[in-house]
Amino acid sequence: MKKTEIEFNNIRIDIYSLNTIVVGSGAAGFNAADRLYNFGQQDIAIVTEGINMGTSRNTGSDKQTYYKLTLAGGEPDSVLEMAKTLYDGGSMDGDIALVEAALSAQSFYHLVDIGVPFPHNSFGEYVGYKTDHDPRQRATSAGPLTSKFMTEKLQKQVEQKGIEIFAGYQVIGILTDQNEEKAIGLLALNLNHLEDINKRYALFNCTNIIYATGGPAGMYATSVYPGSQTGASGLAFEAGVMGKNLTESQYGIASIKFRWNLSGTYQQVLPRYISTDQEGNDEQEFLEEYFEDPGTMLDAVFLKGYQWPFDPKKVNNFGSSLIDILVYNETVIKGRRVWLDFTTNPSWASNEEGQLDFSLVNEETYQYLESSNAIFGTPIDRLAQMNQPAIDLYLDNGIDINKEYLEIAVCAQHNNGGLEGNHWWESNLHNFFPVGEVNGSHGVYRPGGSALNSGQVGSTRAAQYIAAVYQQEPLKIADFIQRSTEQVEDKIDLGESFAQSIENDSTVLDIRAEIGERMSKNGAHIRSLDSAKQAATAAKEDLTSLATRTKLSSIKELPLAFHNYDMLITQYVYLSAIQNYIEEGGKSRGSYLVYDQAGLLPIDNFVEEFRFSLDKENFADKIQRVIYQDGQCSFKWDQVKEIPNDDNWFENVWNKYMKGEIIK
Ligand SMILES: Cc1cc2nc3c(=O)[nH]c(=O)nc-3n(C[C@H](O)[C@H](O)[C@H](O)COP(=O)(O)OP(=O)(O)OC[C@H]3O[C@@H](n4cnc5c(N)ncnc54)[C@H](O)[C@@H]3O)c2cc1C
């Protein structure tokens, strides 16, 4: 890596020149850097807003899942079968599915080798369990904090190799060579020196960018992504990177004070769902109003335990996803707050002494509770019996569910779609590789745990490709400056207009709140054509007026202003994608409900907004792609690629491999 400096309009800026920059320090980013180094490309560095930020390091769930090929026992499994499982999720390209299956064992064993504590039996078999959308038992877990362990162990590898980490650098622009349609560098804010205009900005002149910036979490108000994850997809759209399957995200019930998925035992112990007004008064057990009898209500709550994401296929006939709708109805439509109470049994299903009548539940629920020795007491008694760590986790985060209500909402959790990448994870913008959650490699449905697998596989593939094909030196400084000047000037002008708006009253957090509320109301699990259209228009207007509306209370808020900029582009593109999907005739699927005037209400006389019909897989063999250019989105719909049926005759593959014809 070489360092020089230049002056742009009297502002001094450091320029770092090197082969590859990895943006992001989550599980995908660290793996990309580690792999690049091992594959022989060592002129690299990581740029991150903060080493400890992002989803991988700061999230988890009951049993955070890693999905991989079967590696234990006698049940047959194969790369092709696993690829089919991924592909069958719908709207997923077959070549990506095949690569994710083919590299899953390699990626998993790499994590094992560097010390991630995945459990194995005494013969060394990595036994698995069945997760959602999984026909086998391919899932494994290192406990509630699998992705945190992965990130920590991968970071250690990176540090041992002495790979440079630019910590406290927020990327604010992706620089491109517009003639050659390739990435040539990055502009970043140096968060460590915002006060000094001559250190405020930094430039990276690089041959390749591996973009591991995670999901677009910041644009939602109700979210179970960690607070430190914002995302940076908007900057990539701005640079001309194509989006794919942007309509497909995953939502589910989570606690909002301490952000955590309320799956598994939290639901299986049958807590009481209550709503209150904004002040916490006027308590109501609102589920009672809508279920036909208390047993059906308890069974739906129980099922929510392992049917965690909202799924429109599980709404009708009092299915578990009706609960997500009822929670949304209380919080968004009625403007109330919703809580889980573990201290008391649901009164509709209890006698006057507050004892739950277990004879009301169906056989599945009863047997599960009986096998867990939990046919007694209150929800918290049952939770203590079945999963004491689930109680301790909240205690460790300042919430005592032994006595307090737990506030919940239906939250954004994962983005299945994202930026386009080919089967080497390179985007349409050459030399730019989106990996991890920012890459939209998933389809409509995906097995639980496949996000972490995809992040490891994609970052490995990008590193392999760069090490083999893109070893070139970065541009000569003069060349780099000539090609990027206009883009750098535009961004610095925006930055300095934000910086000059310092007043006592700041608007950045208000703007951020508006962005979040707009998305959670119009672009999350409950959607309609009208609301998507209106919200997309509002996002675009806000983007246009952002520079004039933004007021900072100090220069420390400059990064937040750039986050708002990124989120507004992201939001506009995502909402436009939703609008386009519905205009094309798309109905409810995946993890969202689309209002359909010709559809049915989930319960008689219910709120009109929830009238819907299911997509009859009309779109499962198609992928929506979008380009954002000159402030407009243009869409195309492609047939999914079939799973490749390659020539797998060993001698032929070997020959090609020796001639260097595999990676190209
Ligand atoms: C509650 C919850 C439970 C989950 N459970 C599972 C599960 O069981 N199984 C599973 O497979 N997946 C699960 N996921 C999803 C999975 O955890 C994530 O998809 C994965 O961790 C994302 O990793 P990543 O490396 O792509 O991004 P992240 O870990 O989010 O890292 C992104 C990095 O980019 C940095 N960054 C972002 N923007 C910029 C910028 N402009 N400049 C510089 N740096 C930037 C961030 O600071 C961060 O370091 C879960 C997610 C949540 C929220």
# chains A, B, ... in the order shown; residues from 1 in each chain; ligands from 1

$ closest_atom_pairs --of "chain A" --to "ligand 1" --cutoff "7 Å" --atoms "only C-alpha atoms and all ligand atoms" --output "CSV"
residue,atom,partner,partner_atom_place_in_ligand_line,distance
A:Val23,CA,ligand 1,44 (N),5.5
A:Gly24,CA,ligand 1,34 (O),3.3
A:Ser25,CA,ligand 1,49 (O),3.7
A:Gly26,CA,ligand 1,29 (O),3.5
A:Ala27,CA,ligand 1,25 (O),4.1
A:Ala28,CA,ligand 1,25 (O),3.8
A:Gly29,CA,ligand 1,25 (O),5.5
A:Val47,CA,ligand 1,43 (C),5.7
A:Thr48,CA,ligand 1,44 (N),3.7
A:Glu49,CA,ligand 1,44 (N),4.1
A:Gly50,CA,ligand 1,47 (O),5.3
A:Ile51,CA,ligand 1,49 (O),5.8
A:Asn52,CA,ligand 1,49 (O),6.7
A:Met53,CA,ligand 1,47 (O),4.4
A:Gly54,CA,ligand 1,48 (C),3.7
A:Thr55,CA,ligand 1,30 (O),3.6
A:Ser56,CA,ligand 1,21 (O),3.4
A:Arg57,CA,ligand 1,29 (O),6.1
A:Thr59,CA,ligand 1,1 (C),5.3
A:Gly60,CA,ligand 1,3 (C),4.8
A:Ser61,CA,ligand 1,3 (C),5.3
A:Lys63,CA,ligand 1,8 (O),6.7
A:Gln64,CA,ligand 1,8 (O),3.6
A:Thr65,CA,ligand 1,8 (O),3.8
A:Tyr66,CA,ligand 1,11 (O),5.2
A:Tyr67,CA,ligand 1,11 (O),6.8
A:Ser147,CA,ligand 1,21 (O),5.8
A:Tyr169,CA,ligand 1,43 (C),5.8
A:Gln170,CA,ligand 1,42 (N),3.6
A:Val171,CA,ligand 1,42 (N),3.9
A:Ile172,CA,ligand 1,41 (N),6.0
A:Ala212,CA,ligand 1,26 (O),5.4
A:Thr213,CA,ligand 1,34 (O),3.4
A:Gly214,CA,ligand 1,27 (O),3.4
A:Gly215,CA,ligand 1,30 (O),6.0
A:Val224,CA,ligand 1,1 (C),5.2
A:Tyr225,CA,ligand 1,53 (C),3.9
A:Pro226,CA,ligand 1,53 (C),6.5
A:Ser228,CA,ligand 1,47 (O),6.9
A:Gln229,CA,ligand 1,30 (O),5.8
A:Thr230,CA,ligand 1,37 (C),6.2
A:Gly231,CA,ligand 1,38 (N),4.5
A:Ala232,CA,ligand 1,38 (N),4.7
A:Trp260,CA,ligand 1,1 (C),5.5
A:Asn261,CA,ligand 1,1 (C),5.4
A:Gln413,CA,ligand 1,53 (C),4.7
A:His414,CA,ligand 1,51 (C),5.8
A:Val435,CA,ligand 1,26 (O),6.5
A:Gly436,CA,ligand 1,26 (O),3.4
A:Glu437,CA,ligand 1,26 (O),3.9
A:Val438,CA,ligand 1,26 (O),6.0
A:Gly448,CA,ligand 1,9 (N),5.6
A:Gly449,CA,ligand 1,11 (O),3.1
A:Ser450,CA,ligand 1,11 (O),4.7
A:Ala451,CA,ligand 1,11 (O),3.7
A:Leu452,CA,ligand 1,11 (O),3.7
A:Asn453,CA,ligand 1,11 (O),6.3
A:Gly455,CA,ligand 1,26 (O),5.8

$ residues_around --residues "Lys161 of chain A" --least-positions-apart "6" --cutoff "10 Å" --atoms "only C-alpha atoms" --output "MDAnalysis selection string"
chainID A and resid 33:34 37:38 42 155

$ residues_around --residues "Ile380 of chain A" --least-positions-apart "6" --cutoff "9 Å" --atoms "only C-alpha atoms" --output "MDAnalysis selection string"
chainID A and resid 269 271 341:344 391 401:402

$ write_last_selection --atoms "N, CA and C atoms" --output "short mmCIF file (atom, residue, chain, number, x, y, z; two decimals), in the first residue's frame"
data_model
loop_
_atom_site.label_atom_id
_atom_site.label_comp_id
_atom_site.auth_asym_id
_atom_site.auth_seq_id
_atom_site.Cartn_x
_atom_site.Cartn_y
_atom_site.Cartn_z
N VAL A 269 -43.61 -21.24 25.60
CA VAL A 269 -44.11 -21.25 26.99
C VAL A 269 -45.45 -20.52 27.11
N PRO A 271 -46.72 -17.16 26.42
CA PRO A 271 -46.84 -15.90 27.16
C PRO A 271 -48.16 -15.19 26.86
N ASP A 341 -46.09 -10.67 28.32
CA ASP A 341 -46.06 -10.79 29.78
C ASP A 341 -45.83 -12.27 30.11
N PHE A 342 -44.71 -12.54 30.77
CA PHE A 342 -44.39 -13.92 31.14
C PHE A 342 -44.84 -14.26 32.56
N THR A 343 -45.33 -13.24 33.27
CA THR A 343 -45.61 -13.47 34.70
C THR A 343 -46.99 -14.08 34.93
N THR A 344 -47.86 -13.96 33.94
CA THR A 344 -49.25 -14.39 34.12
C THR A 344 -49.71 -15.18 32.91
N ILE A 391 -33.94 -16.32 30.04
CA ILE A 391 -34.30 -15.30 31.05
C ILE A 391 -33.06 -14.48 31.40
N ILE A 401 -37.56 -10.14 33.00
CA ILE A 401 -38.88 -10.60 32.56
C ILE A 401 -39.58 -11.44 33.63
N ASN A 402 -38.91 -11.65 34.78
CA ASN A 402 -39.60 -12.24 35.94
C ASN A 402 -40.67 -11.28 36.45
#

$ residues_around --residues "Leu235 of chain A" --least-positions-apart "5" --cutoff "9 Å" --atoms "only C-alpha atoms" --output "number ranges by chain"
A: 171-174, 240-241, 565-567, 569-570

$ write_last_selection --atoms "N, CA, C and O atoms" --output "short mmCIF file (atom, residue, chain, number, x, y, z; two decimals), in the first residue's frame"
data_model
loop_
_atom_site.label_atom_id
_atom_site.label_comp_id
_atom_site.auth_asym_id
_atom_site.auth_seq_id
_atom_site.Cartn_x
_atom_site.Cartn_y
_atom_site.Cartn_z
N VAL A 171 -17.33 4.94 4.54
CA VAL A 171 -17.35 5.16 3.09
C VAL A 171 -18.55 6.04 2.74
O VAL A 171 -19.67 5.79 3.20
N ILE A 172 -18.32 7.09 1.94
CA ILE A 172 -19.43 7.96 1.52
C ILE A 172 -19.57 8.02 0.00
O ILE A 172 -20.48 8.66 -0.50
N GLY A 173 -18.65 7.38 -0.71
CA GLY A 173 -18.78 7.37 -2.16
C GLY A 173 -17.96 6.25 -2.78
O GLY A 173 -16.84 5.96 -2.33
N ILE A 174 -18.55 5.60 -3.79
CA ILE A 174 -17.82 4.58 -4.55
C ILE A 174 -17.43 5.23 -5.86
O ILE A 174 -18.31 5.74 -6.59
N GLY A 240 -24.08 2.71 -9.71
CA GLY A 240 -24.52 1.94 -10.88
C GLY A 240 -24.59 0.44 -10.65
O GLY A 240 -24.76 -0.34 -11.60
N VAL A 241 -24.46 0.01 -9.39
CA VAL A 241 -24.55 -1.44 -9.12
C VAL A 241 -26.02 -1.85 -9.16
O VAL A 241 -26.89 -1.16 -8.62
N TYR A 565 -28.36 10.23 3.76
CA TYR A 565 -28.23 10.29 2.30
C TYR A 565 -28.29 8.88 1.70
O TYR A 565 -29.06 8.59 0.78
N ASP A 566 -27.48 7.99 2.28
CA ASP A 566 -27.44 6.61 1.78
C ASP A 566 -28.80 5.93 1.94
O ASP A 566 -29.30 5.27 1.03
N MET A 567 -29.41 6.13 3.12
CA MET A 567 -30.68 5.43 3.40
C MET A 567 -31.80 5.91 2.50
O MET A 567 -32.68 5.14 2.13
N ILE A 569 -31.52 6.98 -0.60
CA ILE A 569 -31.38 6.33 -1.92
C ILE A 569 -31.85 4.88 -1.81
O ILE A 569 -32.65 4.39 -2.61
N THR A 570 -31.36 4.21 -0.77
CA THR A 570 -31.74 2.80 -0.58
C THR A 570 -33.26 2.67 -0.51
O THR A 570 -33.87 1.83 -1.18
#

$ residues_around --residues "Glu100 of chain A" --least-positions-apart "2" --cutoff "8 Å" --atoms "only C-alpha atoms" --output "CSV table (one decimal) with N, CA and C atoms, in the first residue's frame"
chain,number,residue,atom,x,y,z
A,83,ALA,N,-28.1,-27.6,-3.2
A,83,ALA,CA,-28.4,-26.5,-4.2
A,83,ALA,C,-29.9,-26.5,-4.5
A,96,ILE,N,-25.8,-19.7,-8.5
A,96,ILE,CA,-25.4,-19.2,-7.1
A,96,ILE,C,-25.8,-20.3,-6.1
A,97,ALA,N,-26.9,-20.9,-6.3
A,97,ALA,CA,-27.3,-22.0,-5.4
A,97,ALA,C,-26.3,-23.1,-5.4
A,98,LEU,N,-25.8,-23.5,-6.6
A,98,LEU,CA,-24.8,-24.6,-6.7
A,98,LEU,C,-23.5,-24.2,-6.0
A,102,ALA,N,-21.8,-26.0,-3.0
A,102,ALA,CA,-20.5,-26.6,-3.2
A,102,ALA,C,-19.4,-26.2,-2.2
A,103,LEU,N,-19.5,-24.9,-1.8
A,103,LEU,CA,-18.4,-24.4,-0.9
A,103,LEU,C,-18.9,-24.4,0.6
A,104,SER,N,-20.0,-25.0,0.8
A,104,SER,CA,-20.5,-24.9,2.2
A,104,SER,C,-19.6,-25.7,3.2
A,453,ASN,N,-23.9,-18.9,5.8
A,453,ASN,CA,-23.2,-19.7,4.8
A,453,ASN,C,-22.9,-18.9,3.6
A,454,SER,N,-23.9,-18.2,3.1
A,454,SER,CA,-23.7,-17.4,1.9
A,454,SER,C,-22.6,-16.3,2.1
A,457,VAL,N,-19.3,-18.1,1.9
A,457,VAL,CA,-19.0,-18.6,0.5
A,457,VAL,C,-18.7,-17.5,-0.4
A,458,GLY,N,-19.5,-16.4,-0.4
A,458,GLY,CA,-19.4,-15.3,-1.3
A,458,GLY,C,-18.1,-14.6,-1.1
